[in-house]
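So this block is entry-v1.cif, mmCIF, C-alpha atoms:
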```cif
data_model
loop_
_atom_site.label_atom_id
_atom_site.label_comp_id
_atom_site.auth_asym_id
_atom_site.auth_seq_id
_atom_site.Cartn_x
_atom_site.Cartn_y
_atom_site.Cartn_z
CA MET A 446 104.16 99.24 67.63
CA LEU A 447 107.83 100.30 67.75
CA ILE A 448 107.29 102.31 70.93
CA THR A 449 105.53 99.34 72.52
CA ARG A 450 108.41 97.06 71.59
CA ILE A 451 110.95 99.47 73.06
CA LEU A 452 109.00 99.93 76.29
CA THR A 453 108.62 96.17 76.73
CA ALA A 454 112.34 95.68 76.10
CA LEU A 455 113.20 98.39 78.63
CA VAL A 456 111.30 96.39 81.24
CA LEU A 457 112.46 92.90 80.28
CA LEU A 458 116.18 93.53 79.73
CA PRO A 459 116.93 94.96 83.21
CA LEU A 460 114.85 92.17 84.76
CA MET A 461 116.84 89.54 82.84
CA LEU A 462 120.17 91.09 83.75
CA ALA A 463 119.23 91.46 87.40
CA ALA A 464 118.22 87.80 87.58
CA LEU A 465 121.34 86.72 85.73
CA PHE A 466 123.80 88.58 87.93
CA LEU A 467 122.02 88.80 91.29
CA PHE A 468 119.83 85.72 91.80
CA PRO A 469 121.20 82.82 93.84
CA ALA A 470 121.32 79.47 92.04
CA ALA A 471 117.89 78.27 93.19
CA ALA A 472 116.18 81.54 92.27
CA TRP A 473 117.92 81.52 88.88
CA ALA A 474 116.69 77.95 88.27
CA GLY A 475 113.13 79.05 89.03
CA PHE A 476 113.36 82.21 86.95
CA SER A 477 114.80 80.42 83.93
CA TRP A 478 112.18 77.67 84.27
CA LEU A 479 109.46 80.33 84.18
CA ILE A 480 110.82 81.48 80.83
CA VAL A 481 110.94 77.92 79.50
CA ILE A 482 107.52 76.84 80.77
CA LEU A 483 105.86 79.89 79.23
CA ALA A 484 107.46 79.06 75.88
CA LEU A 485 106.40 75.44 76.32
CA TRP A 486 102.83 76.57 77.01
CA GLU A 487 102.87 78.56 73.77
CA TYR A 488 104.24 75.53 71.96
CA THR A 489 101.34 73.38 73.25
CA ARG A 490 98.91 75.92 71.82
CA MET A 491 100.58 75.83 68.41
CA VAL A 492 100.46 72.03 68.26
CA ARG A 493 96.79 72.30 69.30
CA MET A 494 97.14 70.15 72.40
CA PRO A 495 93.70 69.77 74.07
CA LEU A 496 93.33 71.82 77.25
CA PRO A 497 93.21 68.92 79.78
CA GLN A 498 96.21 67.28 78.10
CA GLN A 499 97.97 70.65 78.00
CA ALA A 500 97.52 71.15 81.75
CA CYS A 501 98.78 67.63 82.45
CA TYR A 502 101.78 68.11 80.15
CA LEU A 503 102.84 71.41 81.68
CA ALA A 504 102.37 70.11 85.23
CA LEU A 505 104.42 67.00 84.45
CA SER A 506 107.11 69.14 82.81
CA SER A 507 107.37 71.29 85.93
CA LEU A 508 107.55 68.19 88.15
CA LEU A 509 110.39 66.85 86.00
CA ALA A 510 112.22 70.16 86.29
CA ALA A 511 111.75 70.21 90.06
CA ALA A 512 112.98 66.63 90.34
CA ALA A 513 116.00 67.49 88.21
CA TRP A 514 116.86 70.48 90.38
CA PHE A 515 116.43 68.84 93.76
CA GLY A 516 117.94 65.57 92.53
CA HIS A 517 120.98 67.40 91.09
CA TRP A 518 120.38 65.83 87.69
CA ARG A 519 122.51 67.03 84.81
CA MET A 520 122.54 66.11 81.15
CA GLN A 521 124.82 63.22 80.21
CA GLY A 522 126.89 62.54 77.12
CA PHE A 523 124.27 60.58 75.19
CA GLU A 524 121.68 63.30 75.89
CA HIS A 525 124.04 65.98 74.61
CA ALA A 526 124.66 63.85 71.51
CA ALA A 527 120.88 63.63 70.99
CA VAL A 528 120.65 67.43 71.24
CA LEU A 529 123.28 67.82 68.52
CA ALA A 530 121.48 65.29 66.33
CA LEU A 531 118.23 67.20 66.80
CA TRP A 532 119.53 70.64 65.91
CA LEU A 533 122.23 69.75 63.38
CA LEU A 534 120.40 66.97 61.51
CA LEU A 535 116.70 66.65 62.30
CA VAL A 536 115.70 70.33 62.36
CA PRO A 537 117.42 71.21 59.02
CA ALA A 538 115.72 68.17 57.46
CA TRP A 539 112.40 69.24 58.99
CA LEU A 540 112.76 72.70 57.48
CA ALA A 541 113.84 71.35 54.09
CA LYS A 542 110.96 68.87 53.90
CA ARG A 543 108.48 71.12 55.77
CA TRP A 544 107.09 68.20 57.72
CA ALA A 545 103.71 68.55 59.37
CA ILE A 546 103.44 69.93 62.88
CA PRO A 547 103.44 66.99 65.35
CA SER A 548 100.58 65.77 67.50
CA GLY A 549 99.99 63.30 70.31
CA ALA A 550 103.01 61.61 71.89
CA SER A 551 105.31 63.05 69.22
CA ALA A 552 104.29 66.56 70.23
CA TRP A 553 105.03 65.78 73.89
CA LEU A 554 108.49 64.43 73.09
CA LEU A 555 109.37 67.22 70.69
CA GLY A 556 108.39 69.91 73.20
CA TRP A 557 110.66 68.37 75.82
CA ALA A 558 113.46 67.91 73.29
CA LEU A 559 113.29 71.59 72.36
CA MET A 560 112.85 73.16 75.79
CA LEU A 561 114.42 70.97 78.47
CA PRO A 562 118.00 71.05 77.10
CA ALA A 563 117.76 74.85 76.97
CA TRP A 564 116.77 74.96 80.63
CA PHE A 565 119.64 72.67 81.61
CA ALA A 566 121.93 74.94 79.59
CA PHE A 567 120.69 77.96 81.58
CA LEU A 568 121.79 76.11 84.71
CA GLU A 569 125.01 74.58 83.41
CA TRP A 570 126.37 77.75 81.85
CA ARG A 571 125.68 79.48 85.20
CA PRO A 572 126.32 76.82 87.86
CA ASN A 573 127.14 79.40 90.54
CA ALA A 574 125.88 82.89 91.33
CA SER A 575 129.18 84.44 90.25
CA ALA A 576 129.85 87.30 87.88
CA HIS A 577 132.19 85.06 85.84
CA ASP A 578 129.49 82.44 85.19
CA ALA A 579 126.89 85.12 84.51
CA LEU A 580 129.17 86.78 81.95
CA ALA A 581 129.78 83.44 80.20
CA LEU A 582 126.04 82.84 79.84
CA LEU A 583 125.46 86.46 78.82
CA ALA A 584 128.11 86.05 76.11
CA VAL A 585 126.26 83.05 74.67
CA MET A 586 122.91 84.85 74.78
CA GLY A 587 124.55 87.91 73.25
CA LEU A 588 125.60 85.86 70.24
CA VAL A 589 121.93 85.14 69.53
CA TRP A 590 120.93 88.78 69.95
CA VAL A 591 123.74 89.98 67.69
CA ALA A 592 122.86 87.41 65.02
CA ASP A 593 119.17 88.36 65.17
CA ILE A 594 119.73 92.12 64.99
CA ALA A 595 122.41 91.86 62.30
CA ALA A 596 120.26 89.56 60.17
CA TYR A 597 117.32 91.94 60.44
CA PHE A 598 119.21 95.07 59.39
CA SER A 599 121.35 93.33 56.78
CA GLY A 600 118.25 91.78 55.29
CA LYS A 601 116.45 95.11 55.24
CA ALA A 602 119.39 96.86 53.58
CA PHE A 603 120.68 94.22 51.18
CA GLY A 604 118.13 91.37 51.11
CA ARG A 605 117.53 90.02 47.62
CA ARG A 606 117.58 86.22 47.76
CA LYS A 607 114.96 84.63 49.99
CA LEU A 608 116.24 82.16 52.57
CA ALA A 609 113.07 80.14 53.13
CA PRO A 610 110.14 81.86 51.38
CA ALA A 611 107.65 79.08 52.19
CA ILE A 612 108.43 79.38 55.90
CA SER A 613 109.46 82.98 56.60
CA PRO A 614 109.32 85.22 53.51
CA GLY A 615 111.07 88.13 55.23
CA LYS A 616 114.38 86.34 55.77
CA SER A 617 117.16 86.49 53.20
CA TRP A 618 120.58 84.99 52.59
CA GLU A 619 122.07 88.49 52.78
CA GLY A 620 120.68 88.73 56.30
CA VAL A 621 122.44 85.47 57.19
CA TYR A 622 125.73 86.75 55.77
CA GLY A 623 125.40 89.92 57.81
CA ALA A 624 124.73 87.84 60.91
CA VAL A 625 127.85 85.72 60.30
CA VAL A 626 130.08 88.79 59.94
CA CYS A 627 128.70 90.53 63.02
CA VAL A 628 128.82 87.37 65.13
CA ALA A 629 132.49 86.91 64.17
CA LEU A 630 133.24 90.46 65.32
CA TYR A 631 131.25 89.89 68.50
CA VAL A 632 133.07 86.65 69.33
CA ALA A 633 136.43 88.38 68.88
CA LEU A 634 135.25 91.10 71.26
CA VAL A 635 134.02 88.81 74.04
CA ASP A 636 137.15 86.68 73.70
CA HIS A 637 139.27 89.82 74.15
CA PHE A 638 137.40 90.64 77.36
CA GLY A 639 137.67 87.05 78.58
CA TRP A 640 133.93 86.49 79.01
CA LEU A 641 133.95 83.00 77.51
CA ASP A 642 135.73 80.39 79.59
CA ILE A 643 136.38 78.11 76.62
CA LYS A 644 139.82 76.61 76.02
CA LEU A 645 140.04 77.44 72.33
CA PRO A 646 142.15 79.92 70.38
CA LEU A 647 140.36 82.78 68.66
CA TRP A 648 140.30 81.00 65.30
CA GLY A 649 138.67 78.00 66.99
CA LEU A 650 136.01 80.22 68.57
CA LEU A 651 135.32 81.83 65.20
CA LEU A 652 134.88 78.40 63.61
CA LEU A 653 132.56 77.43 66.46
CA ALA A 654 130.51 80.59 65.95
CA LEU A 655 129.61 79.58 62.38
CA PRO A 656 127.47 76.53 63.23
CA LEU A 657 126.02 78.35 66.24
CA THR A 658 124.86 81.15 63.92
CA ALA A 659 123.31 78.55 61.62
CA VAL A 660 121.61 76.91 64.60
CA SER A 661 120.27 80.30 65.66
CA VAL A 662 118.70 80.76 62.22
CA CYS A 663 117.26 77.22 62.31
CA GLY A 664 115.68 77.84 65.72
CA ASP A 665 113.98 80.94 64.36
CA LEU A 666 112.80 79.18 61.21
CA LEU A 667 111.49 76.17 63.10
CA GLU A 668 109.22 78.31 65.25
CA SER A 669 108.16 80.25 62.16
CA TRP A 670 107.14 76.94 60.58
CA PHE A 671 105.19 75.98 63.70
CA LYS A 672 103.34 79.31 63.57
CA ARG A 673 102.67 79.02 59.86
CA SER A 674 101.38 75.47 60.32
CA ALA A 675 99.17 76.60 63.21
CA GLY A 676 97.93 79.67 61.30
CA VAL A 677 99.04 82.18 63.92
CA LYS A 678 101.18 85.32 63.68
CA ASP A 679 102.71 85.14 67.16
CA SER A 680 103.16 82.35 69.69
CA SER A 681 101.05 84.42 72.11
CA ARG A 682 100.50 88.02 73.18
CA LEU A 683 102.27 87.85 76.52
CA LEU A 684 104.89 90.44 75.55
CA PRO A 685 103.35 93.62 74.10
CA GLY A 686 104.96 94.49 70.80
CA HIS A 687 107.02 91.27 70.78
CA GLY A 688 104.42 88.50 70.60
CA GLY A 689 105.13 85.59 72.90
CA VAL A 690 108.01 84.25 74.94
CA TYR A 691 108.74 81.54 72.37
CA ASP A 692 108.95 84.27 69.73
CA ARG A 693 111.75 85.84 71.74
CA ILE A 694 113.70 82.71 72.62
CA ASP A 695 113.22 80.54 69.52
CA SER A 696 116.86 81.01 68.49
CA LEU A 697 118.13 81.16 72.06
CA ILE A 698 116.88 77.69 73.05
CA ALA A 699 118.71 76.21 70.06
CA VAL A 700 122.02 77.99 70.65
CA LEU A 701 121.98 77.38 74.40
CA ALA A 702 121.37 73.66 73.97
CA VAL A 703 123.93 73.19 71.20
CA SER A 704 126.65 75.31 72.81
CA ASN A 705 126.20 73.46 76.10
CA ALA A 706 126.37 70.10 74.31
CA LEU A 707 129.51 71.07 72.41
CA ARG A 708 131.15 72.32 75.58
CA ALA A 709 130.26 69.12 77.47
CA LEU A 710 131.28 66.69 74.73
CA GLY A 711 134.35 68.63 73.64
CA GLY A 712 135.67 69.24 77.13
CA MET A 713 135.77 72.99 76.52
#
```
Whole structure given in structure tokens:
Amino acid sequence: MLITRILTALVLLPLMLAALFLFPAAAWAGFSWLIVILALWEYTRMVRMPLPQQACYLALSSLLAAAAWFGHWRMQGFEHAAVLALWLLLVPAWLAKRWAIPSGASAWLLGWALMLPAWFAFLEWRPNASAHDALALLAVMGLVWVADIAAYFSGKAFGRRKLAPAISPGKSWEGVYGAVVCVALYVALVDHFGWLDIKLPLWGLLLLALPLTAVSVCGDLLESWFKRSAGVKDSSRLLPGHGGVYDRIDSLIAVLAVSNALRALGGM
């Protein structure tokens, strides 16, 4: 399994980096939408959306994305505020109460609320095919990867107190603490190299990294709850050794959406 995971990563990471740094804006929009629509497809399976409805939902989602791209739509202030309310208020409450997995119209709306802001963030963090914009987006994605890896190894080494045993028994508070420390070090590093074009001093960036780390954990836990509710181990088997696309971007969609909202509303 470990070898399979490594081989898959060795294929996916260069592909992601090539798209990020080399694709023109339109190609990047299409590539990032492919990532999002695959995760959305996996989400529809977990909420047990009937096949005809699933096809209609995914087709409509793609039409909305196409209209947004060609119509030069961008998220507005009230939509960014809704994103913050979702991830900072609703999702923590959902995890605390362990509400049932949605169905019907609620499932449609929730899927869009989770995935569409992440796609807009892919575009808005990288508005032009420039190395500067690509590095800024890579820095945000790197925060998620650092948090995930640090939480895993810290949890393995020091994990004692369970974070959310009814949702994801393998996660621990010690893993979260390790993620916070490593993310702080990472943010100091990317700030030193000037990757993040955010008008904040280092202490401000470090304070900003704390809620983003928490959001990353919440994104992971939310998908874990969806899988547990659906009775599945992985969102799909599209990525050998890794499960599905949603499994790989569950934290990323949360951090992308929230960081983009904070940047837009805070004028950063």
Just so the selection is clear, what residues does the PyMOL selection byres ((chain A and resi 577-579) around 10) cover here, as a list in words?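 Written out, the selection comes to Leu462, Ala464, Leu465, Phe466, Leu467, Phe567, Leu568, Glu569, Trp570, Arg571, Pro572, Asn573, Ala574, Ser575, Ala576, Leu580, Ala581, Leu582, Leu583, Ala584, Gly639, Trp640, Leu641 and Asp642 of chain A.
Excluding Leu485 in chain A and any residue on its chain fewer than 4 positions from it, the residues at most 8 Å away by all atoms listed in the file are Val481, Thr489, Leu503, Gly556, Met560 and Tyr691 of chain A.
Distance check against Trp670 in chain A using only C-alpha atoms: of A:Val632, A:Ala609, A:Ala470, A:Leu707, the minimum falls on A:Ala609.
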Leaving out Tyr502 in chain A and any residue of its chain fewer than 3 positions from it, which residues lie within 10 Å of it when counting only C-alpha atoms, given as a list in words? Leu485, Trp486, Thr489, Met494, Leu496, Pro497, Gln498, Gln499, Leu505, Ser506, Ser507, Leu508, Trp553, Gly556 and Trp557 of chain A
Selection from above, C-alpha atoms, as a tab-separated table (two decimals), in the frame of the given file, can you write it?
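After the write, selection05.tsv holds the following:
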```
chain	number	residue	atom	x	y	z
A	485	LEU	CA	106.40	75.44	76.32
A	486	TRP	CA	102.83	76.57	77.01
A	489	THR	CA	101.34	73.38	73.25
A	494	MET	CA	97.14	70.15	72.40
A	496	LEU	CA	93.33	71.82	77.25
A	497	PRO	CA	93.21	68.92	79.78
A	498	GLN	CA	96.21	67.28	78.10
A	499	GLN	CA	97.97	70.65	78.00
A	505	LEU	CA	104.42	67.00	84.45
A	506	SER	CA	107.11	69.14	82.81
A	507	SER	CA	107.37	71.29	85.93
A	508	LEU	CA	107.55	68.19	88.15
A	553	TRP	CA	105.03	65.78	73.89
A	556	GLY	CA	108.39	69.91	73.20
A	557	TRP	CA	110.66	68.37	75.82
```
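Across the structure, CA of Val626 in chain A and CA of Leu588 in chain A are spaced 11.6 Å apart.
Considering all atoms listed in the file, the residue among A:Tyr631, A:Ala471, A:Ser617, A:Ser477 positioned nearest to Ala602 in chain A is A:Ser617.
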Taking the file as shown, what set of residues would the PyMOL selection byres ((chain A and resi 517-521) around 10) give back, as a PyMOL selection string? chain A and resi 510-516+522-526+561-562+565-566+568-569+705-706+709-710
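In this comparison, which uses only C-alpha atoms, the residue of A:Gly620, A:Val585, A:Ala563, A:Cys663 approaching Val528 in chain A most closely is A:Ala563.
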For Leu697 in chain A, find every residue with an atom within 7 Å (counting all atoms listed in the file), except residues of its own chain fewer than 5 positions away, and show them as a list of chain:residue names. A:Met586, A:Val589, A:Ser661
Next, the residues of the selection above should be written as a PDB file, in the coordinates of the input with C-alpha atoms.
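To be explicit, this is the file written out as again09.pdb:
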```pdb
ATOM      1  CA  MET A 586     122.910  84.850  74.780  1.00  0.00           C
ATOM      2  CA  VAL A 589     121.930  85.140  69.530  1.00  0.00           C
ATOM      3  CA  SER A 661     120.270  80.300  65.660  1.00  0.00           C
TER       4      SER A 661
END
```
What does the structure give for the distance between CA of Ala633 in chain A and CA of Trp648 in chain A, in Å to one decimal? 9.1 Å
State, in Å with one decimal place, the distance from CA of Ala654 in chain A to CA of Ser704 in chain A.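 Straight-line distance from CA of Ala654 in chain A to CA of Ser704 in chain A works out to 9.5 Å.
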Output check: residues returned by the PyMOL selection byres ((chain A and resi 612) around 8), as a list in words: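 Selected by the PyMOL selection byres ((chain A and resi 612) around 8) here: Ala609, Pro610, Ala611, Ser613, Pro614, Leu666, Ser669, Trp670 and Arg673 of chain A.
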With 3 Å added on each side, what axis-aligned box encloses every listed atom of range 447-456 of chain A? Give the centre and edge lengths in Å to one decimal, as lines of an AutoDock Vina configuration file.
```
center_x = 109.4
center_y = 99.0
center_z = 74.5
size_x = 13.7
size_y = 12.6
size_z = 19.5
```
Point out the residue among A:Arg493, A:Arg693, A:Lys607, A:Arg450 with the least atom-to-atom distance to Gly676 in chain A, counting only C-alpha atoms.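 Distance minimum relative to Gly676 in chain A lands on A:Arg493.
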Within 12 Å of Gly649 in chain A, counting all atoms listed in the file, which residues show up once you throw out same-chain ones fewer than 5 positions away? Write them as number ranges by chain, please. A: 629, 632-633, 636, 643-644, 654-656, 713
Reconstruct N, CA, C and O atoms of range 636-659 of chain A; output as an mmCIF file, in the frame of the given file.
```cif
data_model
loop_
_atom_site.group_PDB
_atom_site.id
_atom_site.type_symbol
_atom_site.label_atom_id
_atom_site.label_comp_id
_atom_site.auth_asym_id
_atom_site.auth_seq_id
_atom_site.Cartn_x
_atom_site.Cartn_y
_atom_site.Cartn_z
ATOM 1 N N ASP A 636 135.924 87.414 73.405
ATOM 2 C CA ASP A 636 137.150 86.680 73.700
ATOM 3 C C ASP A 636 138.224 87.622 74.238
ATOM 4 O O ASP A 636 138.960 87.278 75.180
ATOM 5 N N HIS A 637 138.307 88.817 73.673
ATOM 6 C CA HIS A 637 139.270 89.820 74.150
ATOM 7 C C HIS A 637 139.020 90.177 75.604
ATOM 8 O O HIS A 637 139.963 90.326 76.392
ATOM 9 N N PHE A 638 137.751 90.286 75.984
ATOM 10 C CA PHE A 638 137.400 90.640 77.360
ATOM 11 C C PHE A 638 137.413 89.442 78.304
ATOM 12 O O PHE A 638 137.252 89.603 79.517
ATOM 13 N N GLY A 639 137.579 88.234 77.749
ATOM 14 C CA GLY A 639 137.670 87.050 78.580
ATOM 15 C C GLY A 639 136.351 86.589 79.170
ATOM 16 O O GLY A 639 136.329 85.954 80.234
ATOM 17 N N TRP A 640 135.235 86.876 78.488
ATOM 18 C CA TRP A 640 133.930 86.490 79.010
ATOM 19 C C TRP A 640 133.680 84.994 78.862
ATOM 20 O O TRP A 640 133.007 84.388 79.685
ATOM 21 N N LEU A 641 134.203 84.415 77.784
ATOM 22 C CA LEU A 641 133.950 83.000 77.510
ATOM 23 C C LEU A 641 135.083 82.151 78.083
ATOM 24 O O LEU A 641 136.240 82.288 77.684
ATOM 25 N N ASP A 642 134.743 81.280 78.989
ATOM 26 C CA ASP A 642 135.730 80.390 79.590
ATOM 27 C C ASP A 642 135.800 79.098 78.773
ATOM 28 O O ASP A 642 135.430 78.020 79.234
ATOM 29 N N ILE A 643 136.277 79.241 77.536
ATOM 30 C CA ILE A 643 136.380 78.110 76.620
ATOM 31 C C ILE A 643 137.830 77.997 76.171
ATOM 32 O O ILE A 643 138.413 78.986 75.717
ATOM 33 N N LYS A 644 138.395 76.816 76.292
ATOM 34 C CA LYS A 644 139.820 76.610 76.020
ATOM 35 C C LYS A 644 140.057 76.408 74.526
ATOM 36 O O LYS A 644 140.442 75.331 74.060
ATOM 37 N N LEU A 645 139.805 77.455 73.771
ATOM 38 C CA LEU A 645 140.040 77.440 72.330
ATOM 39 C C LEU A 645 140.727 78.728 71.919
ATOM 40 O O LEU A 645 140.449 79.796 72.493
ATOM 41 N N PRO A 646 141.596 78.666 70.911
ATOM 42 C CA PRO A 646 142.150 79.920 70.380
ATOM 43 C C PRO A 646 141.061 80.694 69.642
ATOM 44 O O PRO A 646 139.982 80.161 69.356
ATOM 45 N N LEU A 647 141.369 81.940 69.307
ATOM 46 C CA LEU A 647 140.360 82.780 68.660
ATOM 47 C C LEU A 647 139.864 82.157 67.361
ATOM 48 O O LEU A 647 138.655 82.173 67.088
ATOM 49 N N TRP A 648 140.753 81.583 66.566
ATOM 50 C CA TRP A 648 140.300 81.000 65.300
ATOM 51 C C TRP A 648 139.337 79.836 65.552
ATOM 52 O O TRP A 648 138.402 79.625 64.787
ATOM 53 N N GLY A 649 139.577 79.088 66.643
ATOM 54 C CA GLY A 649 138.670 78.000 66.990
ATOM 55 C C GLY A 649 137.300 78.522 67.404
ATOM 56 O O GLY A 649 136.265 77.945 67.052
ATOM 57 N N LEU A 650 137.282 79.618 68.163
ATOM 58 C CA LEU A 650 136.010 80.220 68.570
ATOM 59 C C LEU A 650 135.245 80.743 67.360
ATOM 60 O O LEU A 650 134.021 80.624 67.282
ATOM 61 N N LEU A 651 135.976 81.312 66.409
ATOM 62 C CA LEU A 651 135.320 81.830 65.200
ATOM 63 C C LEU A 651 134.714 80.679 64.392
ATOM 64 O O LEU A 651 133.606 80.808 63.851
ATOM 65 N N LEU A 652 135.436 79.563 64.306
ATOM 66 C CA LEU A 652 134.880 78.400 63.610
ATOM 67 C C LEU A 652 133.657 77.864 64.338
ATOM 68 O O LEU A 652 132.691 77.417 63.711
ATOM 69 N N LEU A 653 133.693 77.886 65.665
ATOM 70 C CA LEU A 653 132.560 77.430 66.460
ATOM 71 C C LEU A 653 131.347 78.338 66.282
ATOM 72 O O LEU A 653 130.200 77.890 66.321
ATOM 73 N N ALA A 654 131.609 79.623 66.086
ATOM 74 C CA ALA A 654 130.510 80.590 65.950
ATOM 75 C C ALA A 654 129.705 80.366 64.677
ATOM 76 O O ALA A 654 128.510 80.703 64.626
ATOM 77 N N LEU A 655 130.321 79.787 63.646
ATOM 78 C CA LEU A 655 129.610 79.580 62.380
ATOM 79 C C LEU A 655 128.423 78.626 62.529
ATOM 80 O O LEU A 655 127.295 78.971 62.162
ATOM 81 N N PRO A 656 128.630 77.406 63.059
ATOM 82 C CA PRO A 656 127.470 76.530 63.230
ATOM 83 C C PRO A 656 126.469 77.063 64.250
ATOM 84 O O PRO A 656 125.265 76.822 64.114
ATOM 85 N N LEU A 657 126.952 77.793 65.264
ATOM 86 C CA LEU A 657 126.020 78.350 66.240
ATOM 87 C C LEU A 657 125.126 79.412 65.582
ATOM 88 O O LEU A 657 123.947 79.533 65.915
ATOM 89 N N THR A 658 125.684 80.180 64.651
ATOM 90 C CA THR A 658 124.860 81.150 63.920
ATOM 91 C C THR A 658 123.830 80.430 63.062
ATOM 92 O O THR A 658 122.662 80.834 62.990
ATOM 93 N N ALA A 659 124.252 79.336 62.423
ATOM 94 C CA ALA A 659 123.310 78.550 61.620
ATOM 95 C C ALA A 659 122.218 77.945 62.491
ATOM 96 O O ALA A 659 121.038 77.933 62.114
#
```
